[in-house]
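Asker: My structure is below; once you've seen it, I'll send some questions.
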Amino acid sequence: MSLLPVATNRTSTPLQNQRLMFQLNSDQLAIQRQYDQLSTGRRVLSISDDPASAARAIGLQRQVSRTDQLVRNADASEAFYQSADVTLNKVDSAIIEARGVAVEAAQSILSDDEREALAMTIRQQMESIVSAGNGMFTDHQLLGGVLQTESALEHISGTVRFNGNQATGQTKLGDGTRTEFTVTAASAIGLGEPFIEGSSLGAGLNENTRLIDMKQGDGVQPGVLTVSDGNNFVELDLRQAATIGDVADILRTADLDGRSLSVTLGADSITVQYADGLPGTLAIKDAAGSRLASDLLISNPDGFRPPPLVGDRLSPQVTAGTPLSDLNNGAGLDLSDGLVIDRGDDRYTIDFSGAETVGDVIIAINRSDAEVQAVLNETQGRIELHALRSGVDYSVGENGGTAATELGIRTATEDTAISELARGRGLNFNPEGPDLVITRPDGVELELELEDVATVGDIIDLVRDHPDNQDTLRVQIALNDVGNGLRLTAPPGADPIRVTQPGLSDAGTYLGWIPEDATAAEGEIDGSFAVLNGSDFQPRDAGGAIDTLLRLEQAVRDGDISEIGRLQARLDEDLDDSTRTRGRVGVWHSALQDSRTAVENENVLLQSQLSDAMDADLAVVISELQARQVALEASMRFVGQTSGITVLNYL
């Protein structure tokens, strides 16, 4: 606080008055500022008041806003976790109740009315899970995917269709890392899980293979190489290389005392040698900071390895953009005939005529009406098919060609294990004789014992190699050209082809030749052949708790004890999935509470620091206000005294 000096000597009256008015105005502004600090509690009201403190306060305010948002995120996520826990508890309770009913239904002595009552109880538990699957919190699905706006589950003709997705919601908590706050229907109740996980498509290496797609997606980093024949050194800059073809082209430009390099790409390898094919020292090493030669496995820094230098196991990753011609280790795939997908009693033909890449194949399957979602597992380099309809069987077969087999997604093949038949229960064998008898049209019987066979292919070999089946009237056996199943053909004779399963054997039934309520089946004449077409011997369940309960309801009505036992084991797996998911939500909730406590503590600290930078000390402000008021009063008295001075005061 300062006072202007009193005007003396030759100071003019107007200037003196101006200086006095400036003093009064300054005092009034200072007092007003003190009043503002008292009313707002803030010491810094504008940046000009204290630039250093204001700048620090702006940064603190940003951090406070961030922590406030994180706390709000935590509050919202906690509400989601609590709702998800309630929903999963409903699922657990329904599965536990259904399993108890299944145990009771496994008794062989029950009346039709009792079985119907048990079946209706299972239906109620299934409806409870459907209701839970359609549960929402605010505007997000709890299990059906956060981007799903309508009901995720829909009843259709005794089945349930999944209309949702597997998208999970994420938010920022604690240190700002993204954290999931919803769970998927796949993890909670098994909806949309794959009913077949295809075999590897095996992408082959070629000139257009991107470096970032090699090593199963780990990639190869471009760099700088030094190539030498022992006397001459050439440095090659490959830092701009994008494909393995770029690497090969630049290596071919090396000139070592008139000798050039030959670079050859194999299905999974790269070979570097002298173009003239003659021996000699060929050293290749990475420059400082480069790993290109090491990643390609052609590093030979001291030239100890004689050419050719071969780098193998380069393993290109299969991506949606991988051309079909690159698959099957570079041999390509023949998908011209397409494939068929059976969903229950409906068959859908998938046309791949316009497909050029793996992504085109995925799109063609997903655009069909088969209610199947195809997903490319880039880590494993394979196609997975997910069922979207619960309560029906799925299978993928051929359409006269080999597309399903070449894509690795045919559900019934020669490699199908005998232990996987009968929906995983395996076959029952006849301890007193053959398990299967195939009677040719000429009356010759082929007796087959299957106890020691491991796969369907082994059964095919037994028929083909049977000593009584080596003449011109022999029975031929092969997988169906369309769909799945085993087809028996033979020259026509007095009788049709006949298949029987003696004794306790059920091999004919679960190999698809004999209906479940029979012990024998006969073929028919198709053109110039006697034919017995078998049905699909490896249909797949859609999977998930709802599918299990729909099948269990029917099995209880039918009194199918064997199927009830199989589904009991499935219910145990479904319960484990739901319980694990609920446990994961509990872990998230616990971690969330710890994270929120840390953020709240950080927020308190930031608020304290912001207060130190911005808030006024009321005692100091009041003291300064009193001083300013005294100064203002002094200034006003002085103005009053000076305003009354006349010339007489100087006489």
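Just remember, in the structure tokens the first chain shown is A, the second B, etc., residues are 1-based per chain, and ligands are 1-based in the order shown.
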Among the residues of segment 359-497 of chain A, find those DSSP assigns to helix (DSSP H, G or I) from the backbone and print them as an MDAnalysis selection string.

Answerer: chainID A and resid 359:366 403:406 418:420 456:465

Asker: Write out as a PyMOL selection string which residues come within 12 Å of Ala591 of chain A when counting only C-alpha atoms, dropping same-chain ones fewer than 4 positions away.

Answerer: chain A and resi 74+77-78+81+173-174+179-181+584-587+595-598

Asker: Keeping N, CA, C and O atoms for every residue in the selection just given, could you write it to a file as a PDB file, in the first residue's frame?

Answerer:
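For reference, out18.pdb as written:
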```
ATOM      1  N   ALA A  74     -15.934 -44.634 -12.014  1.00  0.00           N
ATOM      2  CA  ALA A  74     -15.933 -45.715 -11.028  1.00  0.00           C
ATOM      3  C   ALA A  74     -17.335 -45.940 -10.465  1.00  0.00           C
ATOM      4  O   ALA A  74     -17.765 -47.084 -10.270  1.00  0.00           O
ATOM      5  N   SER A  77     -19.337 -47.703 -13.166  1.00  0.00           N
ATOM      6  CA  SER A  77     -18.883 -49.087 -13.329  1.00  0.00           C
ATOM      7  C   SER A  77     -19.333 -49.952 -12.164  1.00  0.00           C
ATOM      8  O   SER A  77     -19.702 -51.120 -12.347  1.00  0.00           O
ATOM      9  N   GLU A  78     -19.299 -49.390 -10.952  1.00  0.00           N
ATOM     10  CA  GLU A  78     -19.734 -50.163  -9.796  1.00  0.00           C
ATOM     11  C   GLU A  78     -21.201 -50.542  -9.930  1.00  0.00           C
ATOM     12  O   GLU A  78     -21.597 -51.664  -9.589  1.00  0.00           O
ATOM     13  N   TYR A  81     -21.315 -53.416 -12.296  1.00  0.00           N
ATOM     14  CA  TYR A  81     -20.852 -54.646 -11.654  1.00  0.00           C
ATOM     15  C   TYR A  81     -21.928 -55.225 -10.743  1.00  0.00           C
ATOM     16  O   TYR A  81     -22.144 -56.448 -10.709  1.00  0.00           O
ATOM     17  N   LEU A 173     -10.256 -46.118 -15.422  1.00  0.00           N
ATOM     18  CA  LEU A 173     -10.299 -46.090 -13.972  1.00  0.00           C
ATOM     19  C   LEU A 173      -8.890 -45.912 -13.428  1.00  0.00           C
ATOM     20  O   LEU A 173      -7.905 -46.230 -14.091  1.00  0.00           O
ATOM     21  N   GLY A 174      -8.796 -45.429 -12.200  1.00  0.00           N
ATOM     22  CA  GLY A 174      -7.516 -45.376 -11.494  1.00  0.00           C
ATOM     23  C   GLY A 174      -6.453 -44.624 -12.238  1.00  0.00           C
ATOM     24  O   GLY A 174      -6.519 -43.400 -12.393  1.00  0.00           O
ATOM     25  N   THR A 179     -10.504 -50.397 -18.640  1.00  0.00           N
ATOM     26  CA  THR A 179     -10.970 -51.553 -17.893  1.00  0.00           C
ATOM     27  C   THR A 179     -12.363 -51.927 -18.368  1.00  0.00           C
ATOM     28  O   THR A 179     -13.211 -51.059 -18.585  1.00  0.00           O
ATOM     29  N   GLU A 180     -12.615 -53.227 -18.566  1.00  0.00           N
ATOM     30  CA  GLU A 180     -13.942 -53.680 -18.960  1.00  0.00           C
ATOM     31  C   GLU A 180     -14.916 -53.525 -17.797  1.00  0.00           C
ATOM     32  O   GLU A 180     -14.563 -53.761 -16.647  1.00  0.00           O
ATOM     33  N   PHE A 181     -16.143 -53.143 -18.138  1.00  0.00           N
ATOM     34  CA  PHE A 181     -17.151 -53.053 -17.090  1.00  0.00           C
ATOM     35  C   PHE A 181     -18.397 -53.880 -17.436  1.00  0.00           C
ATOM     36  O   PHE A 181     -19.387 -53.848 -16.706  1.00  0.00           O
ATOM     37  N   ARG A 584     -15.072 -63.270 -11.769  1.00  0.00           N
ATOM     38  CA  ARG A 584     -14.281 -62.225 -12.412  1.00  0.00           C
ATOM     39  C   ARG A 584     -14.892 -60.850 -12.171  1.00  0.00           C
ATOM     40  O   ARG A 584     -14.171 -59.877 -11.946  1.00  0.00           O
ATOM     41  N   VAL A 585     -16.217 -60.782 -12.218  1.00  0.00           N
ATOM     42  CA  VAL A 585     -16.883 -59.507 -11.922  1.00  0.00           C
ATOM     43  C   VAL A 585     -16.586 -59.083 -10.489  1.00  0.00           C
ATOM     44  O   VAL A 585     -16.363 -57.901 -10.204  1.00  0.00           O
ATOM     45  N   GLY A 586     -16.571 -60.060  -9.564  1.00  0.00           N
ATOM     46  CA  GLY A 586     -16.243 -59.740  -8.175  1.00  0.00           C
ATOM     47  C   GLY A 586     -14.828 -59.206  -8.026  1.00  0.00           C
ATOM     48  O   GLY A 586     -14.587 -58.259  -7.261  1.00  0.00           O
ATOM     49  N   VAL A 587     -13.895 -59.806  -8.761  1.00  0.00           N
ATOM     50  CA  VAL A 587     -12.512 -59.306  -8.727  1.00  0.00           C
ATOM     51  C   VAL A 587     -12.448 -57.889  -9.280  1.00  0.00           C
ATOM     52  O   VAL A 587     -11.778 -57.014  -8.726  1.00  0.00           O
ATOM     53  N   SER A 595      -9.170 -48.880  -6.547  1.00  0.00           N
ATOM     54  CA  SER A 595      -8.779 -47.834  -7.498  1.00  0.00           C
ATOM     55  C   SER A 595      -9.507 -46.532  -7.192  1.00  0.00           C
ATOM     56  O   SER A 595      -8.908 -45.453  -7.227  1.00  0.00           O
ATOM     57  N   ARG A 596     -10.795 -46.632  -6.876  1.00  0.00           N
ATOM     58  CA  ARG A 596     -11.559 -45.417  -6.588  1.00  0.00           C
ATOM     59  C   ARG A 596     -11.042 -44.739  -5.317  1.00  0.00           C
ATOM     60  O   ARG A 596     -10.946 -43.514  -5.257  1.00  0.00           O
ATOM     61  N   THR A 597     -10.692 -45.533  -4.302  1.00  0.00           N
ATOM     62  CA  THR A 597     -10.133 -44.950  -3.080  1.00  0.00           C
ATOM     63  C   THR A 597      -8.860 -44.184  -3.378  1.00  0.00           C
ATOM     64  O   THR A 597      -8.648 -43.063  -2.874  1.00  0.00           O
ATOM     65  N   ALA A 598      -7.998 -44.763  -4.224  1.00  0.00           N
ATOM     66  CA  ALA A 598      -6.748 -44.090  -4.584  1.00  0.00           C
ATOM     67  C   ALA A 598      -7.023 -42.798  -5.339  1.00  0.00           C
ATOM     68  O   ALA A 598      -6.379 -41.766  -5.091  1.00  0.00           O
TER      69      ALA A 598
END
```

Asker: Hey, what's within 10 Å of Ala530 of chain A if we count only C-alpha atoms and toss same-chain stuff fewer than 2 positions away? As an mmCIF file with N, CA and C atoms, in the first residue's frame, please?

Answerer:
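Wrote out.cif, looks like this:
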```cif
data_model
loop_
_atom_site.group_PDB
_atom_site.id
_atom_site.type_symbol
_atom_site.label_atom_id
_atom_site.label_comp_id
_atom_site.auth_asym_id
_atom_site.auth_seq_id
_atom_site.Cartn_x
_atom_site.Cartn_y
_atom_site.Cartn_z
ATOM 1 N N ARG A 440 -23.765 -107.031 -48.654
ATOM 2 C CA ARG A 440 -23.703 -106.555 -50.032
ATOM 3 C C ARG A 440 -24.958 -106.968 -50.801
ATOM 4 N N PRO A 441 -25.246 -106.328 -51.943
ATOM 5 C CA PRO A 441 -26.412 -106.732 -52.748
ATOM 6 C C PRO A 441 -26.354 -108.179 -53.215
ATOM 7 N N VAL A 475 -18.292 -103.429 -52.009
ATOM 8 C CA VAL A 475 -18.948 -102.218 -51.503
ATOM 9 C C VAL A 475 -17.902 -101.113 -51.384
ATOM 10 N N LEU A 488 -22.434 -95.672 -48.821
ATOM 11 C CA LEU A 488 -22.087 -97.007 -49.288
ATOM 12 C C LEU A 488 -22.657 -97.215 -50.683
ATOM 13 N N THR A 489 -21.856 -97.681 -51.612
ATOM 14 C CA THR A 489 -22.311 -97.959 -52.973
ATOM 15 C C THR A 489 -21.767 -99.314 -53.420
ATOM 16 N N ALA A 490 -22.542 -99.960 -54.288
ATOM 17 C CA ALA A 490 -22.123 -101.258 -54.835
ATOM 18 C C ALA A 490 -22.928 -101.537 -56.101
ATOM 19 N N PRO A 491 -22.442 -102.428 -56.945
ATOM 20 C CA PRO A 491 -23.253 -102.839 -58.102
ATOM 21 C C PRO A 491 -24.559 -103.463 -57.620
ATOM 22 N N PRO A 492 -25.660 -103.233 -58.326
ATOM 23 C CA PRO A 492 -26.952 -103.775 -57.875
ATOM 24 C C PRO A 492 -26.965 -105.299 -57.918
ATOM 25 N N GLY A 493 -27.762 -105.870 -57.066
ATOM 26 C CA GLY A 493 -27.893 -107.326 -57.001
ATOM 27 C C GLY A 493 -29.309 -107.700 -56.640
ATOM 28 N N ASP A 495 -30.620 -107.999 -53.715
ATOM 29 C CA ASP A 495 -31.144 -107.246 -52.571
ATOM 30 C C ASP A 495 -30.417 -105.911 -52.472
ATOM 31 N N PRO A 496 -30.985 -104.946 -51.741
ATOM 32 C CA PRO A 496 -30.279 -103.680 -51.504
ATOM 33 C C PRO A 496 -29.152 -103.870 -50.499
ATOM 34 N N ILE A 497 -28.281 -102.843 -50.398
ATOM 35 C CA ILE A 497 -27.265 -102.854 -49.340
ATOM 36 C C ILE A 497 -27.983 -102.803 -47.996
ATOM 37 N N GLU A 522 -31.809 -100.449 -44.760
ATOM 38 C CA GLU A 522 -31.555 -100.869 -46.128
ATOM 39 C C GLU A 522 -31.420 -99.654 -47.031
ATOM 40 N N GLY A 523 -30.602 -99.830 -48.084
ATOM 41 C CA GLY A 523 -30.411 -98.761 -49.051
ATOM 42 C C GLY A 523 -31.433 -98.818 -50.160
ATOM 43 N N GLU A 524 -31.102 -98.177 -51.278
ATOM 44 C CA GLU A 524 -31.997 -98.101 -52.424
ATOM 45 C C GLU A 524 -31.164 -98.118 -53.695
ATOM 46 N N ILE A 525 -31.840 -98.164 -54.813
ATOM 47 C CA ILE A 525 -31.167 -98.126 -56.100
ATOM 48 C C ILE A 525 -31.136 -96.686 -56.597
ATOM 49 N N ASP A 526 -29.937 -96.226 -56.926
ATOM 50 C CA ASP A 526 -29.753 -94.874 -57.460
ATOM 51 C C ASP A 526 -29.035 -95.007 -58.796
ATOM 52 N N GLY A 527 -29.822 -94.970 -59.886
ATOM 53 C CA GLY A 527 -29.232 -95.160 -61.208
ATOM 54 C C GLY A 527 -28.743 -96.585 -61.377
ATOM 55 N N SER A 528 -27.473 -96.737 -61.598
ATOM 56 C CA SER A 528 -26.881 -98.059 -61.814
ATOM 57 C C SER A 528 -26.157 -98.576 -60.585
ATOM 58 N N LEU A 532 -26.561 -96.691 -50.070
ATOM 59 C CA LEU A 532 -27.077 -96.412 -48.724
ATOM 60 C C LEU A 532 -26.384 -95.143 -48.233
#
```

Asker: I want to know what sits within 8 Å of segment 207-217 of chain A, based on only C-alpha atoms, with residues of the same chain fewer than 6 positions away left out; could you give that as JSON, numbers by chain?

Answerer: {"A": [242, 243, 244, 245, 246, 265, 313, 314, 315, 316, 317, 318, 379]}

Asker: Would you kindly return, as number ranges by chain, each protein, DNA or RNA residue with an atom no farther than 12 Å from any atom of Leu297 of chain A, considering only C-alpha atoms and excluding same-chain residues fewer than 6 positions away?

Answerer: A: 215, 220, 268-272, 284-286, 291, 309-314

Asker: Would you return as a ChimeraX atom specification the members of segment 332-473 of chain A that DSSP assigns to strand (DSSP E) on this structure's backbone?

Answerer: /A:339-343,346-350,372-377,382-387,389-390,393-399,436-439,445-448

Asker: Using N, CA and C atoms, can you export the residues from the last selection as a JSON list (two decimals), in the first residue's frame?

Answerer:
```json
[["chain", "number", "residue", "atom", "x", "y", "z"],
["A", 339, "LEU", "N", -19.74, -74.59, -50.03],
["A", 339, "LEU", "CA", -20.02, -75.59, -48.99],
["A", 339, "LEU", "C", -21.46, -75.43, -48.53],
["A", 340, "VAL", "N", -21.91, -76.36, -47.68],
["A", 340, "VAL", "CA", -23.26, -76.27, -47.14],
["A", 340, "VAL", "C", -23.18, -76.24, -45.62],
["A", 341, "ILE", "N", -24.08, -75.47, -45.03],
["A", 341, "ILE", "CA", -24.23, -75.41, -43.58],
["A", 341, "ILE", "C", -25.64, -75.88, -43.25],
["A", 342, "ASP", "N", -25.72, -76.92, -42.42],
["A", 342, "ASP", "CA", -27.02, -77.41, -41.96],
["A", 342, "ASP", "C", -27.29, -76.84, -40.58],
["A", 343, "ARG", "N", -28.45, -76.21, -40.45],
["A", 343, "ARG", "CA", -28.92, -75.73, -39.15],
["A", 343, "ARG", "C", -30.26, -76.39, -38.89],
["A", 346, "ASP", "N", -32.75, -77.31, -41.85],
["A", 346, "ASP", "CA", -32.55, -76.38, -42.96],
["A", 346, "ASP", "C", -31.11, -76.44, -43.47],
["A", 347, "ARG", "N", -30.94, -76.34, -44.77],
["A", 347, "ARG", "CA", -29.62, -76.38, -45.39],
["A", 347, "ARG", "C", -29.38, -75.08, -46.16],
["A", 348, "TYR", "N", -28.19, -74.55, -46.02],
["A", 348, "TYR", "CA", -27.81, -73.29, -46.66],
["A", 348, "TYR", "C", -26.53, -73.51, -47.46],
["A", 349, "THR", "N", -26.55, -73.10, -48.71],
["A", 349, "THR", "CA", -25.38, -73.23, -49.57],
["A", 349, "THR", "C", -24.62, -71.92, -49.59],
["A", 350, "ILE", "N", -23.32, -71.99, -49.33],
["A", 350, "ILE", "CA", -22.46, -70.81, -49.30],
["A", 350, "ILE", "C", -21.65, -70.77, -50.58],
["A", 372, "VAL", "N", -24.92, -68.20, -38.54],
["A", 372, "VAL", "CA", -23.59, -68.59, -38.12],
["A", 372, "VAL", "C", -22.70, -67.36, -38.24],
["A", 373, "GLN", "N", -21.86, -67.15, -37.26],
["A", 373, "GLN", "CA", -20.90, -66.06, -37.32],
["A", 373, "GLN", "C", -19.51, -66.65, -37.49],
["A", 374, "ALA", "N", -18.89, -66.31, -38.62],
["A", 374, "ALA", "CA", -17.53, -66.76, -38.89],
["A", 374, "ALA", "C", -16.55, -65.70, -38.39],
["A", 375, "VAL", "N", -15.51, -66.13, -37.71],
["A", 375, "VAL", "CA", -14.50, -65.24, -37.14],
["A", 375, "VAL", "C", -13.13, -65.80, -37.50],
["A", 376, "LEU", "N", -12.23, -64.94, -37.90],
["A", 376, "LEU", "CA", -10.86, -65.36, -38.19],
["A", 376, "LEU", "C", -10.02, -65.23, -36.93],
["A", 377, "ASN", "N", -9.51, -66.33, -36.46],
["A", 377, "ASN", "CA", -8.57, -66.34, -35.34],
["A", 377, "ASN", "C", -7.18, -66.15, -35.92],
["A", 382, "ARG", "N", -6.83, -69.63, -38.26],
["A", 382, "ARG", "CA", -7.92, -70.53, -38.60],
["A", 382, "ARG", "C", -9.26, -69.80, -38.51],
["A", 383, "ILE", "N", -10.27, -70.40, -39.13],
["A", 383, "ILE", "CA", -11.62, -69.86, -39.10],
["A", 383, "ILE", "C", -12.41, -70.57, -38.01],
["A", 384, "GLU", "N", -13.13, -69.80, -37.20],
["A", 384, "GLU", "CA", -14.01, -70.36, -36.18],
["A", 384, "GLU", "C", -15.45, -70.01, -36.53],
["A", 385, "LEU", "N", -16.34, -70.96, -36.34],
["A", 385, "LEU", "CA", -17.76, -70.74, -36.61],
["A", 385, "LEU", "C", -18.53, -70.76, -35.29],
["A", 386, "HIS", "N", -19.32, -69.72, -35.08],
["A", 386, "HIS", "CA", -20.09, -69.56, -33.84],
["A", 386, "HIS", "C", -21.58, -69.69, -34.16],
["A", 387, "ALA", "N", -22.27, -70.51, -33.38],
["A", 387, "ALA", "CA", -23.71, -70.72, -33.57],
["A", 387, "ALA", "C", -24.49, -69.60, -32.90],
["A", 389, "ARG", "N", -28.05, -69.78, -32.96],
["A", 389, "ARG", "CA", -29.37, -70.32, -32.63],
["A", 389, "ARG", "C", -29.20, -71.48, -31.66],
["A", 390, "SER", "N", -29.80, -71.37, -30.49],
["A", 390, "SER", "CA", -29.73, -72.43, -29.48],
["A", 390, "SER", "C", -30.89, -73.40, -29.67],
["A", 393, "ASP", "N", -29.10, -78.43, -34.12],
["A", 393, "ASP", "CA", -27.80, -78.95, -34.49],
["A", 393, "ASP", "C", -27.21, -78.14, -35.63],
["A", 394, "TYR", "N", -25.89, -78.06, -35.65],
["A", 394, "TYR", "CA", -25.17, -77.42, -36.74],
["A", 394, "TYR", "C", -24.19, -78.40, -37.35],
["A", 395, "SER", "N", -23.97, -78.28, -38.64],
["A", 395, "SER", "CA", -22.90, -79.03, -39.29],
["A", 395, "SER", "C", -22.49, -78.29, -40.56],
["A", 396, "VAL", "N", -21.24, -78.51, -40.95],
["A", 396, "VAL", "CA", -20.69, -77.89, -42.16],
["A", 396, "VAL", "C", -20.16, -79.02, -43.03],
["A", 397, "GLY", "N", -20.64, -79.08, -44.27],
["A", 397, "GLY", "CA", -20.23, -80.15, -45.18],
["A", 397, "GLY", "C", -19.90, -79.62, -46.56],
["A", 398, "GLU", "N", -19.57, -80.55, -47.43],
["A", 398, "GLU", "CA", -19.19, -80.19, -48.79],
["A", 398, "GLU", "C", -20.42, -79.97, -49.67],
["A", 399, "ASN", "N", -20.19, -79.30, -50.79],
["A", 399, "ASN", "CA", -21.23, -79.10, -51.79],
["A", 399, "ASN", "C", -20.77, -79.68, -53.13],
["A", 436, "LEU", "N", -20.81, -104.48, -36.38],
["A", 436, "LEU", "CA", -21.47, -103.96, -37.56],
["A", 436, "LEU", "C", -21.40, -105.02, -38.65],
["A", 437, "VAL", "N", -22.50, -105.21, -39.35],
["A", 437, "VAL", "CA", -22.53, -106.15, -40.47],
["A", 437, "VAL", "C", -23.08, -105.43, -41.68],
["A", 438, "ILE", "N", -22.28, -105.36, -42.75],
["A", 438, "ILE", "CA", -22.72, -104.77, -44.01],
["A", 438, "ILE", "C", -22.97, -105.91, -44.99],
["A", 439, "THR", "N", -24.20, -106.03, -45.43],
["A", 439, "THR", "CA", -24.57, -107.09, -46.38],
["A", 439, "THR", "C", -24.60, -106.51, -47.78],
["A", 445, "GLU", "N", -21.71, -111.03, -46.59],
["A", 445, "GLU", "CA", -21.74, -110.26, -45.36],
["A", 445, "GLU", "C", -20.33, -109.85, -44.94],
["A", 446, "LEU", "N", -20.19, -108.56, -44.62],
["A", 446, "LEU", "CA", -18.91, -108.02, -44.14],
["A", 446, "LEU", "C", -19.06, -107.74, -42.65],
["A", 447, "GLU", "N", -18.48, -108.59, -41.85],
["A", 447, "GLU", "CA", -18.56, -108.41, -40.40],
["A", 447, "GLU", "C", -17.40, -107.55, -39.91],
["A", 448, "LEU", "N", -17.73, -106.53, -39.12],
["A", 448, "LEU", "CA", -16.73, -105.57, -38.66],
["A", 448, "LEU", "C", -16.72, -105.50, -37.15]]
```

Asker: Got a sec: who's within 8 Å of Ala275 of chain A, counting only C-alpha atoms, leaving out chain neighbours fewer than 6 positions off, as a ChimeraX atom specification?

Answerer: /A:259-262

Asker: Grab the atom CA of Asn533 of chain A to atom CA of Gly485 of chain A distance for me, in Å with one decimal place.

Answerer: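 Answer for the atom CA of Asn533 of chain A to atom CA of Gly485 of chain A separation: 7.3 Å.
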
Asker: Could you pull the residues within 6 Å of Gly164 of chain A, counting only C-alpha atoms, minus those fewer than 3 positions along the same chain, as a PyMOL selection string?

Answerer: chain A and resi 144-145+148+152

Asker: Using only C-alpha atoms for the distances, tell me which of A:Thr357, A:Thr509, A:Thr87, A:Asn25 is nearest to Thr579 of chain A.

Answerer: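 Looking at the shortest contact to Thr579 of chain A, the residue is A:Thr87.
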
Asker: How far is it from atom CA of Ala98 of chain A to atom CA of Ala545 of chain A, in Å with one decimal?

Answerer: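 Computing the Euclidean distance for atom CA of Ala98 of chain A and atom CA of Ala545 of chain A yields 10.3 Å.
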
Asker: Quick check, in Å to one decimal: how far apart do atom CA of Val103 of chain A and atom CA of Asp576 of chain A lie?

Answerer: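 Calculated distance between atom CA of Val103 of chain A and atom CA of Asp576 of chain A is 17.7 Å.
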
Asker: Between A:Gly354, A:Pro306, A:Gly59, A:Gly483, which has the minimum distance to Thr402 of chain A (counting only C-alpha atoms)?

Answerer: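 Checking each candidate against Thr402 of chain A, we get A:Gly483 as the closest.
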
Asker: Can you work out which one of A:Val599, A:Asn206, A:Leu191, A:Glu624 has the shortest atom-to-atom distance to Arg72 of chain A, counting only C-alpha atoms?

Answerer: A:Val599
